[in-house]
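Below is the file input21.cif, which contains mmCIF, C-alpha atoms.
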data_structure
#
loop_
_atom_site.label_atom_id
_atom_site.label_comp_id
_atom_site.auth_asym_id
_atom_site.auth_seq_id
_atom_site.Cartn_x
_atom_site.Cartn_y
_atom_site.Cartn_z
CA MET Y 556 13.29 7.35 5.72
CA GLU Y 557 10.70 10.06 5.06
CA VAL Y 558 8.28 11.00 7.83
CA ILE Y 559 5.08 12.46 6.35
CA TYR Y 560 3.06 13.00 9.55
CA GLU Y 561 3.84 12.82 13.27
CA ASP Y 562 2.09 13.53 16.56
CA ASN Y 563 2.31 12.19 20.11
CA HIS Y 564 0.53 8.93 19.25
CA LEU Y 565 1.08 8.22 15.54
CA ILE Y 566 3.73 8.53 12.88
CA ILE Y 567 3.20 8.01 9.14
CA VAL Y 568 6.20 7.11 6.98
CA ASN Y 569 6.70 7.03 3.22
CA LYS Y 570 8.25 3.57 2.80
CA SER Y 571 10.77 2.98 0.03
CA PRO Y 572 10.44 -0.15 -2.14
CA GLY Y 573 12.53 -2.99 -0.78
CA GLU Y 574 12.07 -2.04 2.88
CA LEU Y 575 10.41 -4.49 5.25
CA VAL Y 576 7.71 -3.10 7.50
CA GLN Y 577 8.21 -5.82 10.10
CA GLY Y 578 10.94 -8.43 10.55
CA ASP Y 579 10.86 -11.73 8.67
CA ARG Y 580 13.06 -14.77 8.09
CA THR Y 581 15.56 -12.76 6.01
CA GLY Y 582 16.90 -11.08 9.13
CA ASP Y 583 17.03 -7.71 7.35
CA GLU Y 584 16.35 -4.71 9.56
CA PRO Y 585 12.68 -3.77 9.28
CA LEU Y 586 11.35 -0.24 9.03
CA VAL Y 587 9.86 -0.43 12.54
CA GLU Y 588 13.36 -0.86 14.01
CA THR Y 589 14.79 1.96 11.88
CA LEU Y 590 11.95 4.15 13.10
CA LYS Y 591 12.60 3.28 16.74
CA ARG Y 592 16.20 4.38 16.33
CA TRP Y 593 15.09 7.59 14.58
CA ILE Y 594 12.68 8.45 17.41
CA LYS Y 595 15.31 7.66 20.05
CA GLU Y 596 17.86 9.96 18.40
CA LYS Y 597 15.44 12.78 17.54
CA TYR Y 598 14.00 13.05 21.05
CA ASN Y 599 17.08 11.84 22.95
CA LYS Y 600 15.01 9.14 24.63
CA PRO Y 601 16.68 6.85 27.18
CA GLY Y 602 16.02 3.11 27.22
CA ASN Y 603 13.72 1.27 24.86
CA VAL Y 604 11.48 3.17 22.45
CA PHE Y 605 7.91 2.05 21.71
CA CYS Y 606 6.84 1.80 18.08
CA GLY Y 607 3.94 -0.40 17.02
CA VAL Y 608 3.03 -1.73 13.58
CA THR Y 609 -0.63 -1.02 12.75
CA HIS Y 610 -0.65 -2.50 9.22
CA ARG Y 611 1.77 -3.70 6.53
CA ILE Y 612 2.44 -3.28 2.85
CA ASP Y 613 4.46 -5.70 0.73
CA ARG Y 614 8.24 -5.33 0.61
CA PRO Y 615 8.43 -4.29 -3.10
CA THR Y 616 5.55 -1.81 -2.62
CA MET Y 617 6.22 1.83 -1.76
CA GLY Y 618 4.21 4.44 0.08
CA LEU Y 619 2.42 5.26 3.31
CA VAL Y 620 2.58 3.12 6.44
CA VAL Y 621 1.08 4.11 9.80
CA PHE Y 622 2.98 3.32 13.01
CA ALA Y 623 1.95 3.95 16.62
CA ARG Y 624 4.18 5.79 19.08
CA THR Y 625 2.11 4.73 22.11
CA SER Y 626 0.30 1.59 23.20
CA LYS Y 627 -2.95 3.58 23.27
CA GLY Y 628 -2.39 4.69 19.69
CA LEU Y 629 -1.61 1.12 18.63
CA SER Y 630 -4.67 -0.51 20.20
CA ARG Y 631 -7.02 2.16 18.89
CA MET Y 632 -5.55 2.14 15.37
CA ASN Y 633 -5.83 -1.65 15.34
CA GLU Y 634 -9.52 -1.24 16.17
CA LEU Y 635 -10.01 1.28 13.34
CA PHE Y 636 -8.44 -1.13 10.87
CA ARG Y 637 -10.51 -4.02 12.25
CA ARG Y 638 -13.71 -2.04 11.77
CA GLY Y 639 -12.72 -0.91 8.28
CA GLU Y 640 -12.62 2.76 9.26
CA VAL Y 641 -9.30 3.51 7.60
CA ARG Y 642 -9.61 4.46 3.94
CA LYS Y 643 -6.61 3.24 1.96
CA THR Y 644 -6.02 4.39 -1.61
CA TYR Y 645 -3.31 2.93 -3.83
CA TRP Y 646 -1.92 3.92 -7.21
CA ALA Y 647 -0.67 1.28 -9.61
CA ILE Y 648 0.92 1.33 -13.04
CA VAL Y 649 -0.18 -1.58 -15.22
CA LYS Y 650 0.78 -2.68 -18.72
CA ASN Y 651 -2.70 -3.54 -20.01
CA ARG Y 652 -5.76 -1.30 -19.90
CA PRO Y 653 -8.54 -2.77 -17.73
CA PRO Y 654 -11.75 -3.87 -19.49
CA HIS Y 655 -13.62 -0.89 -18.00
CA ASP Y 656 -12.40 2.55 -16.93
CA SER Y 657 -13.80 1.96 -13.45
CA GLY Y 658 -15.37 -0.87 -11.54
CA THR Y 659 -15.42 -3.18 -8.55
CA LEU Y 660 -13.44 -6.41 -8.42
CA THR Y 661 -14.64 -9.26 -6.22
CA HIS Y 662 -12.68 -12.49 -5.92
CA TRP Y 663 -12.09 -15.29 -3.48
CA LEU Y 664 -8.39 -15.46 -2.60
CA THR Y 665 -6.34 -18.44 -1.46
CA SER Y 666 -2.81 -17.91 -0.15
CA VAL Y 667 -0.16 -20.60 -0.53
CA GLU Y 668 2.66 -20.26 1.99
CA LYS Y 669 5.04 -22.57 0.10
CA ASN Y 670 5.54 -20.11 -2.78
CA ASN Y 671 4.28 -16.99 -0.94
CA LYS Y 672 1.63 -16.39 -3.58
CA THR Y 673 -2.10 -15.68 -3.60
CA TYR Y 674 -4.54 -17.11 -6.14
CA ALA Y 675 -7.87 -15.59 -7.20
CA SER Y 676 -11.08 -17.45 -7.96
CA ALA Y 677 -14.47 -16.20 -9.06
CA ASN Y 678 -16.15 -18.57 -6.60
CA GLU Y 679 -15.65 -19.42 -2.95
CA ARG Y 680 -13.33 -22.35 -2.25
CA PRO Y 681 -12.34 -24.11 0.99
CA GLY Y 682 -9.94 -21.88 2.90
CA SER Y 683 -10.49 -18.85 0.64
CA THR Y 684 -11.35 -15.32 1.78
CA LYS Y 685 -13.46 -12.73 -0.01
CA ALA Y 686 -11.55 -9.76 -1.48
CA VAL Y 687 -13.13 -6.57 -2.80
CA LEU Y 688 -11.61 -3.42 -4.29
CA ASN Y 689 -12.72 -0.48 -6.40
CA TYR Y 690 -10.57 0.85 -9.21
CA ARG Y 691 -10.63 3.63 -11.78
CA LEU Y 692 -8.38 4.62 -14.65
CA LEU Y 693 -6.59 7.93 -14.02
CA ALA Y 694 -4.31 8.26 -17.05
CA SER Y 695 -2.72 6.38 -19.94
CA SER Y 696 0.45 6.60 -22.01
CA ASP Y 697 1.31 4.68 -25.15
CA ARG Y 698 2.28 1.60 -23.12
CA TYR Y 699 1.12 2.00 -19.53
CA HIS Y 700 -1.93 2.94 -17.48
CA LEU Y 701 -2.26 4.56 -14.04
CA LEU Y 702 -4.99 3.12 -11.84
CA GLU Y 703 -6.37 4.32 -8.52
CA ILE Y 704 -7.45 1.51 -6.19
CA GLU Y 705 -9.53 1.74 -3.05
CA LEU Y 706 -9.26 -1.31 -0.84
CA ILE Y 707 -12.54 -2.50 0.65
CA THR Y 708 -10.92 -5.54 2.24
CA GLY Y 709 -7.28 -6.05 3.15
CA ARG Y 710 -5.92 -9.41 2.03
CA LYS Y 711 -2.42 -10.67 1.37
CA HIS Y 712 -1.22 -9.52 -2.09
CA GLN Y 713 -4.82 -8.52 -2.82
CA ILE Y 714 -4.24 -5.70 -5.31
CA ARG Y 715 -1.44 -7.56 -7.09
CA CYS Y 716 -3.48 -10.75 -7.38
CA GLN Y 717 -6.80 -9.18 -8.35
CA LEU Y 718 -5.34 -6.91 -11.03
CA ALA Y 719 -3.44 -9.86 -12.48
CA ALA Y 720 -6.69 -11.85 -12.52
CA ILE Y 721 -8.25 -9.33 -14.95
CA GLY Y 722 -5.16 -9.31 -17.18
CA CYS Y 723 -3.56 -6.17 -15.71
CA PRO Y 724 -0.42 -7.23 -13.81
CA ILE Y 725 1.42 -4.40 -12.09
CA LYS Y 726 4.57 -3.19 -13.82
CA GLY Y 727 7.60 -5.01 -12.41
CA ASP Y 728 5.60 -7.65 -10.55
CA LEU Y 729 7.11 -10.87 -11.90
CA LYS Y 730 5.29 -12.95 -9.28
CA TYR Y 731 1.95 -11.92 -10.75
CA GLY Y 732 2.61 -11.93 -14.46
CA ALA Y 733 4.69 -8.87 -15.37
CA GLU Y 734 6.99 -9.46 -18.34
CA ARG Y 735 10.09 -7.95 -16.72
CA SER Y 736 11.24 -6.57 -13.40
CA ASN Y 737 11.83 -2.93 -12.55
CA PRO Y 738 15.53 -1.98 -12.38
CA ASP Y 739 15.39 -1.40 -8.61
CA GLY Y 740 13.41 -4.56 -7.88
CA SER Y 741 10.27 -2.62 -6.95
CA ILE Y 742 6.79 -3.07 -8.28
CA SER Y 743 4.89 -0.01 -9.52
CA LEU Y 744 2.40 0.03 -6.67
CA GLN Y 745 2.16 2.86 -4.15
CA SER Y 746 0.21 3.18 -0.91
CA HIS Y 747 -0.82 6.66 -2.02
CA ARG Y 748 -3.32 8.06 0.46
CA ILE Y 749 -4.60 7.22 3.96
CA GLN Y 750 -7.65 8.81 5.60
CA PHE Y 751 -9.07 8.21 9.08
CA THR Y 752 -10.29 9.92 12.23
CA HIS Y 753 -7.45 10.09 14.74
CA PRO Y 754 -8.35 7.52 17.42
CA VAL Y 755 -7.11 9.70 20.29
CA SER Y 756 -7.50 13.35 19.26
CA GLY Y 757 -10.50 12.96 16.95
CA LYS Y 758 -8.71 14.99 14.27
CA GLU Y 759 -9.35 14.09 10.63
CA ILE Y 760 -6.14 12.69 9.16
CA ASP Y 761 -5.73 12.80 5.37
CA VAL Y 762 -2.19 12.11 4.16
CA THR Y 763 -0.93 11.70 0.59
CA ALA Y 764 2.44 10.29 -0.46
CA PRO Y 765 4.66 12.24 -2.86
CA ILE Y 766 4.85 11.01 -6.44
CA PRO Y 767 7.82 8.64 -6.90
CA ASP Y 768 10.87 10.29 -8.47
CA ASP Y 769 10.59 8.32 -11.69
CA PRO Y 770 9.97 9.55 -15.28
CA LEU Y 771 7.03 7.19 -15.94
CA TRP Y 772 5.30 8.03 -12.65
CA ARG Y 773 5.80 11.74 -13.35
CA ALA Y 774 4.48 11.47 -16.91
CA LEU Y 775 1.33 9.61 -15.87
CA PHE Y 776 0.79 11.94 -12.92
CA ASN Y 777 1.00 14.96 -15.20
CA ALA Y 778 -1.34 13.28 -17.69
CA GLN Y 779 -4.02 12.74 -15.05
CA ILE Y 780 -3.72 16.37 -13.93
CA GLN Y 781 -4.27 17.52 -17.51
CA SER Y 782 -7.27 15.21 -17.90
CA GLY Y 783 -8.77 16.36 -14.61
CA SER Y 784 -9.36 12.75 -13.54
CA LEU Y 785 -8.38 13.42 -9.93
CA ASN Y 786 -11.42 15.62 -9.47
CA SER Y 787 -13.87 13.52 -11.45
#

Conversion result in structure tokens:
Amino acid sequence: MEVIYEDNHLIIVNKSPGELVQGDRTGDEPLVETLKRWIKEKYNKPGNVFCGVTHRIDRPTMGLVVFARTSKGLSRMNELFRRGEVRKTYWAIVKNRPPHDSGTLTHWLTSVEKNNKTYASANERPGSTKAVLNYRLLASSDRYHLLEIELITGRKHQIRCQLAAIGCPIKGDLKYGAERSNPDGSISLQSHRIQFTHPVSGKEIDVTAPIPDDPLWRALFNAQIQSGSLNS
């Protein structure tokens, strides 16, 4: 477990692919419980340790997750997320180049619990919710493309579903149309950057995840540095 940022109220962790943020029916230990144990050992805390989940990312996704170390931090972070005052930026590697180098995707999403999958429609349907994201192309190789995604709404499987809907499934994401899985079972989607005003201290928080230790990620990251796309 890699802690990227920590203060008295919040802790931001770089989640590995395959880790659960919060417990589910599998019974596997979630990251929140691992983090409680880490806090207890690091600070030699007696009794139960508080650690609250402020948001989630999918199990095969990697990257930044914000947890709360106090009930005040949790309630105030929940309010920031509710008001849309947390800026979340993702990076994704896709097989197909999107139709435009940048743009906004708007769909109506319907989640089906039976197969744990979300479906995108161009028009509103009964039970659907509106999903919006912005994307831009950062770099390309012979076979793959690195996209930056800014979430405007936060829906279940939103990025995975919306990119698949425009013919750009995320590398390794069999559920949403990828041709083959990644060797470690991950999908090539990273919660890359989180920005918000600290709900207790008022400090501006701007945290970026390290680039995954993977040759393709490194190659595309270096390509976008050379192209200057990060600053464009």

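Between atom CA of Pro615 of chain Y and atom CA of Gly578 of chain Y there is a distance of 14.5 Å.
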
Within 9 Å of Trp772 of chain Y, counting only C-alpha atoms, which residues show up once you throw out same-chain ones fewer than 6 positions away? Write them as a list in words, please.
->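 Residues near the query, excluding close chain neighbours: Ile648, Leu701, Ser743 and Ile766 of chain Y.
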
Would you translate the PyMOL selection byres ((chain Y and resi 581-595) around 9) into the concrete set of residues it matches in this file, as a list in words?
->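 Listing what the PyMOL selection byres ((chain Y and resi 581-595) around 9) selects in the shown file: Met556, Val568, Lys570, Glu574, Leu575, Val576, Gln577, Gly578, Asp579, Arg580, Glu596, Lys597, Tyr598, Asn599, Lys600, Pro601, Gly602, Asn603, Val604, Phe605, Cys606, Gly607, Val608 and Phe622 of chain Y.
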
Which of these, Y:Gln717, Y:Asn689, Y:Asn737, Y:Ser756, has the shortest distance to Arg631 of chain Y once you count only C-alpha atoms?
->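 Closest to Arg631 of chain Y, using only C-alpha atoms: Y:Ser756.
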
Explicit residues for the PyMOL selection byres ((chain Y and resi 720) around 10) (as number ranges by chain) = Y: 660, 662, 674-677, 714-719, 721-724, 731-732

Using all atoms listed in the file, which residue out of Y:Arg691, Y:Gly682, Y:Asp728, Y:Asp613 lies closest to Ile742 of chain Y?
-> Y:Asp728
